[in-house]
Amino acid sequence: MLREHLSIQKIFDLKKWEQLQDSLASVTKLAILTVDYRGNPVTSHSQCQSFCKKVRQDENLLPYCQKCDSRGGLEAVRSNKPYIYLCHYDIVDIAVPIIIDDKYIGAVMAGQVRLADPSSALHLEQILTSKNEKLYSSKWEELKDYYADLPTMTYQEIQMISNMLSLLCNYIVEEAMNKNLLAEMFEKASAIKSTPQLSEILPGYSLKHIESLKKEMNNILADAYLNSSGDEDILCGNPVLKPAFEYIYEHKGENFSLKAMADLCHISPSYFSRLFAKETGENFSSYLSRLKMKWAKQLLEATDIPVSQISSELGFNEPGYFIKIFKKYEGTTPAVYRKYYKG
């Protein structure tokens, strides 16, 4: 999953989330809808109020609702926190952004309530003020009774619910990321791909016992992986950076740009740079050079491959530049290093 484009469908179990969303709507009295990063609904509308149903069923008024949803989501992303605002009918709505390391993947839209104290709405932004007043006047007689039936809340209550939704979304995202990381890790850690082969290696063991051994082995490997963050031979444990580290280790002969690695992780280059430095203790360029020199030493120690070929194998365009970098990190040339190591 971490190599793929992140989407709300991959992070949330939408079937379970929709059940939770229905319960939250029932308890809080708010209508709740979850949308993807484009603003398209990915769940049904939980407890949509009759007033809003009527408005959204009107082809002339629906575009105003859609504009409010879109702008509310954008404001939430900009501020990176729940955004409380007034829609085009002065109804309170909330946009709770779902963001993974600067990447916006969707939002939880809630609201469809009136403020118990209208004066507390003075500091709220009406997100869409330009509208067809003649159209609104002609529709009001049809809608006013539904408007009166909208639930009311204090601003403090709305704030508390918006913060709760934000904490809940963050928790679900973190748990989903950890779960997918572990699942992916288990799959890659297992060196044995089929039970029949294991039964040949371990005669006398039942299939059930063999499956138990496989699970135990995977758990041991997982623990080793999670506890080895200081070992440079193990890929980075940070799930956001993991695609870049995997690519680097699997394509040792390529030149890697910071932007390309950031794109692979679906984050901005600046955020990738900060996160990488925090994870490794050095910048991307220095880390990569030092890592390639480590691989170069392994080749010099274990093979008789010419220095020029090692340079090429590790993605250096010129052997002279490779020798210069090697000497910078090791204090000697590759040829002298090999001679000294092999005696």
# chains A, B, ... in the order shown; residues from 1 in each chain; ligands from 1

$ residues_around --residues "segment 263-276 of chain A" --least-positions-apart "5" --cutoff "7 Å" --atoms "only C-alpha atoms" --output "PyMOL selection string"
chain A and resi 101-103+240-241+243-244+258+283-284

$ residues_around --residues "segment 68-78 of chain A" --least-positions-apart "4" --cutoff "12 Å" --atoms "only C-alpha atoms" --output "number ranges by chain"
A: 33-41, 56, 61-64, 82-112, 125-131, 162, 166
